[in-house]
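Participant: There's a structure below that I have some questions on.
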Amino acid sequence: MFRLLSHQGTRTRHCLAIQRRSEHCKAVMAIRREDINPWERRVPLAPRHVKEITNAGHKVLVQPSNRRAIHEKYYEKVGAVIQEDISGASLIVGVKRMPEEKVIPKKTYAFFSHTIKAQEANMGLLEDLLKKEVRLIDYEKMVDANGYRIVAFGNWAGVAGMINILHGLGLRFLALGHNTPFMHIGMAHNYRNVSQAIQAVRDCGYEISMGLMPKSIGPVTFCFTGTGNVSKGAQDILNELPVEYVEPHELKDVSEVGDMTKVYATVLSRHHHLMRKSDGIYDPMEYENHPELYTSRFRTSVAPYTTCLINGIYWDPHTPRLLRRLDAQKLMRPIISSSAAKQGSPVLPHK
């Protein structure tokens, strides 16, 4: 019995030694507090993700934040340690960049740096990272075996963006003297969840269907560019309104004599507005290789009949612009007083 207990005691001490070595060598990562934008409530990892990491034997530090959308107690429940000092972590993750003075030297950081296209506003940050010997993992450059981005703007970016656009549209109309149902839609970050935001959009749609849009505005039209995840997410939100989709060439008619109990939308593809400068023809293969040979007729055929443009495409300096500054200035030309305009029903720009 004594021999057995001695053997067990030796084995226990051996196991404890292994455990101590394991604890000493386990990786430590940290979730930093977002502090570059006062409205930023997002977090790179949810509690369920942290649970997977802690279950794998790694330590996760979470910097406290009263602004974060997810309360820190949910991180504590899954094994994270809430503390201000995250200098003990070898990997520090965030959503957006941090102030340069808060960069800890010789660490690995993961966040959207917005430096890959040499964005001037963030060149100082990149220089500071290099000076402090920081390894940067930029979400924008994380790709799979096929070269497709792993972390990218997706459906939810379109959803949140469209909610904010509808909110902004309500404010814009009000500034021009028109109270509309869009005023009941708030900013996306003010809702507890997406269901609440969608309900607000539906309530707005109900009022539109009841004919409560001011007649002085005329039918509201939306134009989406692109068919990717962002554009589709934005369309998902607009579909909560009484909306009818039309072809781009039909926008002119519906913007003038359309039904006031609905809104109208169109999805713009390349062939709808791009044309070769020499003969007005669109050749998709040639455009891919020589976009400089093409121009866009968006400014004349679509923009004058669009209330709200939702741009969901990537633009390269070699490709045609949808709108130039001069085009926008013409569309927003000063309102000329007219006897047809009634007091209390101001005329809208380009309407």
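Each chain in the structure tokens gets a letter, A, B, ..., in the order shown, and its residues are numbered from 1; ligands are numbered from 1 in order too.
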Neighbouring residues of A:Ser209 were defined as those with any atom within 10 Å, considering only C-alpha atoms; residues of the same chain fewer than 6 positions away were excluded. Please report them as a PyMOL selection string.
Facilitator: chain A and resi 203+241-243+259-263
Participant: Might you pull out every residue within 10 Å of A:Ile53, with only C-alpha atoms counted and same-chain residues fewer than 2 positions away left off, and present them as a list of chain:residue names?
Facilitator: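 These residues fall inside the cut-off: A:Ala27, A:Val28, A:Met29, A:Pro47, A:Arg48, A:His49, A:Val50, A:Lys51, A:Asn55, A:Ala56, A:Gly57, A:His58, A:Lys59, A:Val60, A:Val78, A:Gly79, A:Ala80.
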Participant: Please write the residues from the selection above to a file, keeping N, CA, C and O atoms, as an mmCIF file, in the first residue's frame.
Facilitator:
```cif
data_model
loop_
_atom_site.group_PDB
_atom_site.id
_atom_site.type_symbol
_atom_site.label_atom_id
_atom_site.label_comp_id
_atom_site.auth_asym_id
_atom_site.auth_seq_id
_atom_site.Cartn_x
_atom_site.Cartn_y
_atom_site.Cartn_z
ATOM 1 N N ALA A 27 -0.120 30.139 -24.852
ATOM 2 C CA ALA A 27 -0.160 31.419 -25.551
ATOM 3 C C ALA A 27 -1.154 32.355 -24.873
ATOM 4 O O ALA A 27 -2.171 31.929 -24.332
ATOM 5 N N VAL A 28 -0.845 33.630 -24.929
ATOM 6 C CA VAL A 28 -1.720 34.653 -24.359
ATOM 7 C C VAL A 28 -2.092 35.636 -25.460
ATOM 8 O O VAL A 28 -1.223 36.163 -26.151
ATOM 9 N N MET A 29 -3.389 35.844 -25.636
ATOM 10 C CA MET A 29 -3.859 36.838 -26.593
ATOM 11 C C MET A 29 -4.734 37.840 -25.863
ATOM 12 O O MET A 29 -5.215 37.581 -24.755
ATOM 13 N N PRO A 47 -17.975 36.216 -27.302
ATOM 14 C CA PRO A 47 -17.697 35.264 -26.217
ATOM 15 C C PRO A 47 -17.596 33.812 -26.673
ATOM 16 O O PRO A 47 -16.762 33.053 -26.157
ATOM 17 N N ARG A 48 -18.407 33.404 -27.640
ATOM 18 C CA ARG A 48 -18.351 32.007 -28.099
ATOM 19 C C ARG A 48 -17.004 31.699 -28.770
ATOM 20 O O ARG A 48 -16.514 30.572 -28.712
ATOM 21 N N HIS A 49 -16.415 32.699 -29.416
ATOM 22 C CA HIS A 49 -15.090 32.497 -30.006
ATOM 23 C C HIS A 49 -14.026 32.392 -28.917
ATOM 24 O O HIS A 49 -13.120 31.556 -28.996
ATOM 25 N N VAL A 50 -14.167 33.248 -27.907
ATOM 26 C CA VAL A 50 -13.214 33.227 -26.791
ATOM 27 C C VAL A 50 -13.293 31.893 -26.056
ATOM 28 O O VAL A 50 -12.279 31.351 -25.609
ATOM 29 N N LYS A 51 -14.494 31.355 -25.940
ATOM 30 C CA LYS A 51 -14.669 30.057 -25.271
ATOM 31 C C LYS A 51 -13.873 28.966 -25.985
ATOM 32 O O LYS A 51 -13.245 28.110 -25.343
ATOM 33 N N ASN A 55 -10.890 27.042 -24.093
ATOM 34 C CA ASN A 55 -11.031 25.582 -23.993
ATOM 35 C C ASN A 55 -9.823 24.856 -24.585
ATOM 36 O O ASN A 55 -9.518 23.723 -24.200
ATOM 37 N N ALA A 56 -9.156 25.533 -25.520
ATOM 38 C CA ALA A 56 -7.957 24.946 -26.128
ATOM 39 C C ALA A 56 -6.725 25.153 -25.258
ATOM 40 O O ALA A 56 -5.624 24.735 -25.632
ATOM 41 N N GLY A 57 -6.912 25.797 -24.096
ATOM 42 C CA GLY A 57 -5.807 25.953 -23.156
ATOM 43 C C GLY A 57 -5.065 27.264 -23.238
ATOM 44 O O GLY A 57 -4.018 27.424 -22.624
ATOM 45 N N HIS A 58 -5.596 28.216 -23.986
ATOM 46 C CA HIS A 58 -4.926 29.502 -24.127
ATOM 47 C C HIS A 58 -5.566 30.543 -23.214
ATOM 48 O O HIS A 58 -6.748 30.438 -22.865
ATOM 49 N N LYS A 59 -4.808 31.540 -22.871
ATOM 50 C CA LYS A 59 -5.292 32.615 -22.010
ATOM 51 C C LYS A 59 -5.724 33.804 -22.859
ATOM 52 O O LYS A 59 -5.039 34.181 -23.809
ATOM 53 N N VAL A 60 -6.875 34.374 -22.508
ATOM 54 C CA VAL A 60 -7.404 35.521 -23.242
ATOM 55 C C VAL A 60 -7.609 36.682 -22.275
ATOM 56 O O VAL A 60 -8.328 36.556 -21.280
ATOM 57 N N VAL A 78 -16.757 32.803 -19.934
ATOM 58 C CA VAL A 78 -16.133 31.796 -20.796
ATOM 59 C C VAL A 78 -14.627 31.703 -20.561
ATOM 60 O O VAL A 78 -13.901 31.128 -21.375
ATOM 61 N N GLY A 79 -14.160 32.300 -19.458
ATOM 62 C CA GLY A 79 -12.771 32.098 -19.065
ATOM 63 C C GLY A 79 -11.813 33.216 -19.371
ATOM 64 O O GLY A 79 -10.607 33.080 -19.102
ATOM 65 N N ALA A 80 -12.282 34.323 -19.911
ATOM 66 C CA ALA A 80 -11.383 35.443 -20.195
ATOM 67 C C ALA A 80 -11.054 36.193 -18.912
ATOM 68 O O ALA A 80 -11.810 36.158 -17.941
#
```
Participant: My list of candidates is A:Val159, A:Leu309, A:Val81, A:Val95. Which is closest to A:Asn37 when distances are computed with only C-alpha atoms?
Facilitator: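 Selected residue with least distance to A:Asn37: A:Val95.
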Participant: One decimal, Å: what's the distance from atom CA of A:Ile31 over to atom CA of A:Glu101, could you say?
Facilitator: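 Computing it gives 17.4 Å between the two atoms.
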Participant: Using only C-alpha atoms, which of A:Arg149, A:Met213, A:Pro219, A:Lys330 sits nearest A:Asn179?
Facilitator: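 Once distances to A:Asn179 are computed over only C-alpha atoms, the minimum belongs to A:Met213.
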Participant: When you draw a straight line from atom CA of A:Ser231 to atom CA of A:Gly312, how long is it in Å?
Facilitator: 5.3 Å
Participant: Neighbours of stretch 249-253 of chain A within 10 Å (only C-alpha atoms; same-chain residues fewer than 2 positions away dropped), as a VMD selection string?
Facilitator: chain A and resid 221 to 223 245 to 247 255 to 258 264 to 266 272 301 to 306
Participant: Looking at only C-alpha atoms, which of A:Ile92, A:Lys141, A:Pro44, A:Gly226 is the one that sits closest to A:Ser113?
Facilitator: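 For A:Ser113, the nearest of the candidates is A:Lys141.
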Participant: For A:Ile310, please output as a PDB file with C-alpha atoms, in the first residue's frame all residues within 10 Å (counting only C-alpha atoms; exclusion window: fewer than 5 positions along the same chain).
Facilitator:
```pdb
ATOM      1  CA  GLY A 158     -24.701  46.359 -46.226  1.00  0.00           C
ATOM      2  CA  GLY A 161     -25.031  50.831 -43.938  1.00  0.00           C
ATOM      3  CA  MET A 162     -28.545  50.814 -45.397  1.00  0.00           C
ATOM      4  CA  ILE A 165     -28.667  55.647 -45.108  1.00  0.00           C
ATOM      5  CA  PHE A 222     -32.923  54.074 -54.930  1.00  0.00           C
ATOM      6  CA  CYS A 223     -30.047  52.977 -57.146  1.00  0.00           C
ATOM      7  CA  PHE A 224     -27.712  50.139 -56.095  1.00  0.00           C
ATOM      8  CA  THR A 225     -24.384  49.604 -57.799  1.00  0.00           C
ATOM      9  CA  GLY A 226     -22.757  46.194 -57.581  1.00  0.00           C
ATOM     10  CA  VAL A 230     -22.624  44.593 -49.386  1.00  0.00           C
ATOM     11  CA  SER A 231     -25.141  45.493 -52.080  1.00  0.00           C
ATOM     12  CA  ALA A 234     -28.433  46.763 -48.305  1.00  0.00           C
ATOM     13  CA  GLN A 235     -31.166  45.453 -50.599  1.00  0.00           C
ATOM     14  CA  VAL A 267     -29.662  47.514 -59.493  1.00  0.00           C
TER      15      VAL A 267
END
```
Participant: Would you write out, as a Markdown table, a table of all residues in stretch 107-210 of chain A that have an atom no more than 10 Å from an atom of stretch 87-91 of chain A, listing for each the closest atom pair and the distance in Å to one decimal, considering only C-alpha atoms and ordering rows by chain and rising residue number?
Facilitator:
```
| residue | atom | partner | partner_atom | distance |
| --- | --- | --- | --- | --- |
| A:Lys107 | CA | A:Ser90 | CA | 5.6 |
| A:Thr108 | CA | A:Leu91 | CA | 4.8 |
| A:Tyr109 | CA | A:Leu91 | CA | 5.8 |
| A:Ala110 | CA | A:Leu91 | CA | 7.6 |
| A:Arg135 | CA | A:Leu91 | CA | 9.4 |
| A:Leu136 | CA | A:Leu91 | CA | 9.9 |
| A:Ile137 | CA | A:Leu91 | CA | 9.8 |
```
Participant: Just to be explicit: take each residue in the selection above, keep C-alpha atoms, and write the result as a CSV table (one decimal), in the first residue's frame.
Facilitator:
```csv
chain,number,residue,atom,x,y,z
A,107,LYS,CA,4.0,42.5,-30.4
A,108,THR,CA,1.7,41.0,-33.1
A,109,TYR,CA,-1.4,43.0,-33.8
A,110,ALA,CA,-4.4,42.1,-35.9
A,135,ARG,CA,4.1,42.3,-36.8
A,136,LEU,CA,0.9,43.4,-38.4
A,137,ILE,CA,-1.8,41.0,-39.5
```
Participant: I need the residues of stretch 82-327 of chain A that end up classed as strand (DSSP E or B) by DSSP on the backbone, written out as an MDAnalysis selection string.
Facilitator: chainID A and resid 82 91:93 108:111 135:138 143 149 221:225 243:245 263:268 274:276 294:296 308:311
Participant: Could the residues in this selection be written to a file with C-alpha atoms, as a PDB file, in the first residue's frame?
Facilitator:
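Final output, saved to part16.pdb:
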```
ATOM      1  CA  ILE A  82     -10.673  41.296 -17.659  1.00  0.00           C
ATOM      2  CA  LEU A  91      -1.163  38.637 -29.973  1.00  0.00           C
ATOM      3  CA  ILE A  92      -3.417  41.702 -29.618  1.00  0.00           C
ATOM      4  CA  VAL A  93      -6.580  41.888 -31.736  1.00  0.00           C
ATOM      5  CA  THR A 108       1.735  40.958 -33.065  1.00  0.00           C
ATOM      6  CA  TYR A 109      -1.374  43.008 -33.846  1.00  0.00           C
ATOM      7  CA  ALA A 110      -4.422  42.058 -35.927  1.00  0.00           C
ATOM      8  CA  PHE A 111      -6.855  44.758 -37.094  1.00  0.00           C
ATOM      9  CA  ARG A 135       4.147  42.338 -36.785  1.00  0.00           C
ATOM     10  CA  LEU A 136       0.872  43.446 -38.372  1.00  0.00           C
ATOM     11  CA  ILE A 137      -1.793  40.967 -39.461  1.00  0.00           C
ATOM     12  CA  ASP A 138      -4.122  43.079 -41.594  1.00  0.00           C
ATOM     13  CA  VAL A 143      -7.020  35.047 -47.714  1.00  0.00           C
ATOM     14  CA  ARG A 149     -10.533  37.199 -48.440  1.00  0.00           C
ATOM     15  CA  THR A 221     -35.968  56.091 -55.997  1.00  0.00           C
ATOM     16  CA  PHE A 222     -32.923  54.074 -54.930  1.00  0.00           C
ATOM     17  CA  CYS A 223     -30.047  52.977 -57.146  1.00  0.00           C
ATOM     18  CA  PHE A 224     -27.712  50.139 -56.095  1.00  0.00           C
ATOM     19  CA  THR A 225     -24.384  49.604 -57.799  1.00  0.00           C
ATOM     20  CA  VAL A 243     -40.490  48.543 -52.947  1.00  0.00           C
ATOM     21  CA  GLU A 244     -40.752  47.828 -56.655  1.00  0.00           C
ATOM     22  CA  TYR A 245     -37.603  47.026 -58.617  1.00  0.00           C
ATOM     23  CA  VAL A 263     -40.533  53.331 -53.298  1.00  0.00           C
ATOM     24  CA  TYR A 264     -38.633  52.252 -56.394  1.00  0.00           C
ATOM     25  CA  ALA A 265     -35.222  50.689 -56.781  1.00  0.00           C
ATOM     26  CA  THR A 266     -32.872  49.549 -59.506  1.00  0.00           C
ATOM     27  CA  VAL A 267     -29.662  47.514 -59.493  1.00  0.00           C
ATOM     28  CA  LEU A 268     -27.060  48.946 -61.835  1.00  0.00           C
ATOM     29  CA  LEU A 274     -20.540  51.896 -69.372  1.00  0.00           C
ATOM     30  CA  MET A 275     -19.781  52.602 -73.015  1.00  0.00           C
ATOM     31  CA  ARG A 276     -16.722  52.878 -75.203  1.00  0.00           C
ATOM     32  CA  TYR A 294     -14.664  53.651 -71.468  1.00  0.00           C
ATOM     33  CA  THR A 295     -16.842  56.294 -69.893  1.00  0.00           C
ATOM     34  CA  SER A 296     -20.055  56.188 -67.860  1.00  0.00           C
ATOM     35  CA  CYS A 308     -30.490  57.904 -53.157  1.00  0.00           C
ATOM     36  CA  LEU A 309     -27.403  56.176 -54.552  1.00  0.00           C
ATOM     37  CA  ILE A 310     -26.039  53.147 -52.669  1.00  0.00           C
ATOM     38  CA  ASN A 311     -22.577  52.560 -54.081  1.00  0.00           C
TER      39      ASN A 311
END
```
Participant: Report the residues of stretch 29-73 of chain A whose backbone DSSP state falls under alpha helix (DSSP H), written as an MDAnalysis selection string.
Facilitator: chainID A and resid 47:55 72:73
Participant: Quick one: write out the picked residues with C-alpha atoms as a PDB file, in the first residue's frame?
Facilitator:
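Resulting contents of part.pdb:
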```pdb
ATOM      1  CA  PRO A  47     -17.697  35.264 -26.217  1.00  0.00           C
ATOM      2  CA  ARG A  48     -18.351  32.007 -28.099  1.00  0.00           C
ATOM      3  CA  HIS A  49     -15.090  32.497 -30.006  1.00  0.00           C
ATOM      4  CA  VAL A  50     -13.214  33.227 -26.791  1.00  0.00           C
ATOM      5  CA  LYS A  51     -14.669  30.057 -25.271  1.00  0.00           C
ATOM      6  CA  GLU A  52     -13.113  27.997 -28.073  1.00  0.00           C
ATOM      7  CA  ILE A  53      -9.739  29.612 -27.414  1.00  0.00           C
ATOM      8  CA  THR A  54      -9.811  29.181 -23.636  1.00  0.00           C
ATOM      9  CA  ASN A  55     -11.031  25.582 -23.993  1.00  0.00           C
ATOM     10  CA  GLU A  72     -17.467  42.061 -20.310  1.00  0.00           C
ATOM     11  CA  LYS A  73     -19.201  39.692 -17.858  1.00  0.00           C
TER      12      LYS A  73
END
```
Participant: Between A:Arg299, A:Pro214, A:Phe112, A:Ile198, which has the minimum distance to A:Arg325 (counting only C-alpha atoms)?
Facilitator: A:Arg299
Participant: Please determine, counting only C-alpha atoms, which residue among A:Ala197, A:Val151, A:Ile313, A:Ala30 has the shortest atom-to-atom distance to A:Asn164.
Facilitator: A:Ala197
Participant: Could you check which of A:Glu140, A:Asp85, A:Glu34, A:Asp283 is closest to A:Asn66, using only C-alpha atoms?
Facilitator: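 Of A:Glu140, A:Asp85, A:Glu34, A:Asp283, the one nearest A:Asn66, counting only C-alpha atoms, is A:Glu34.
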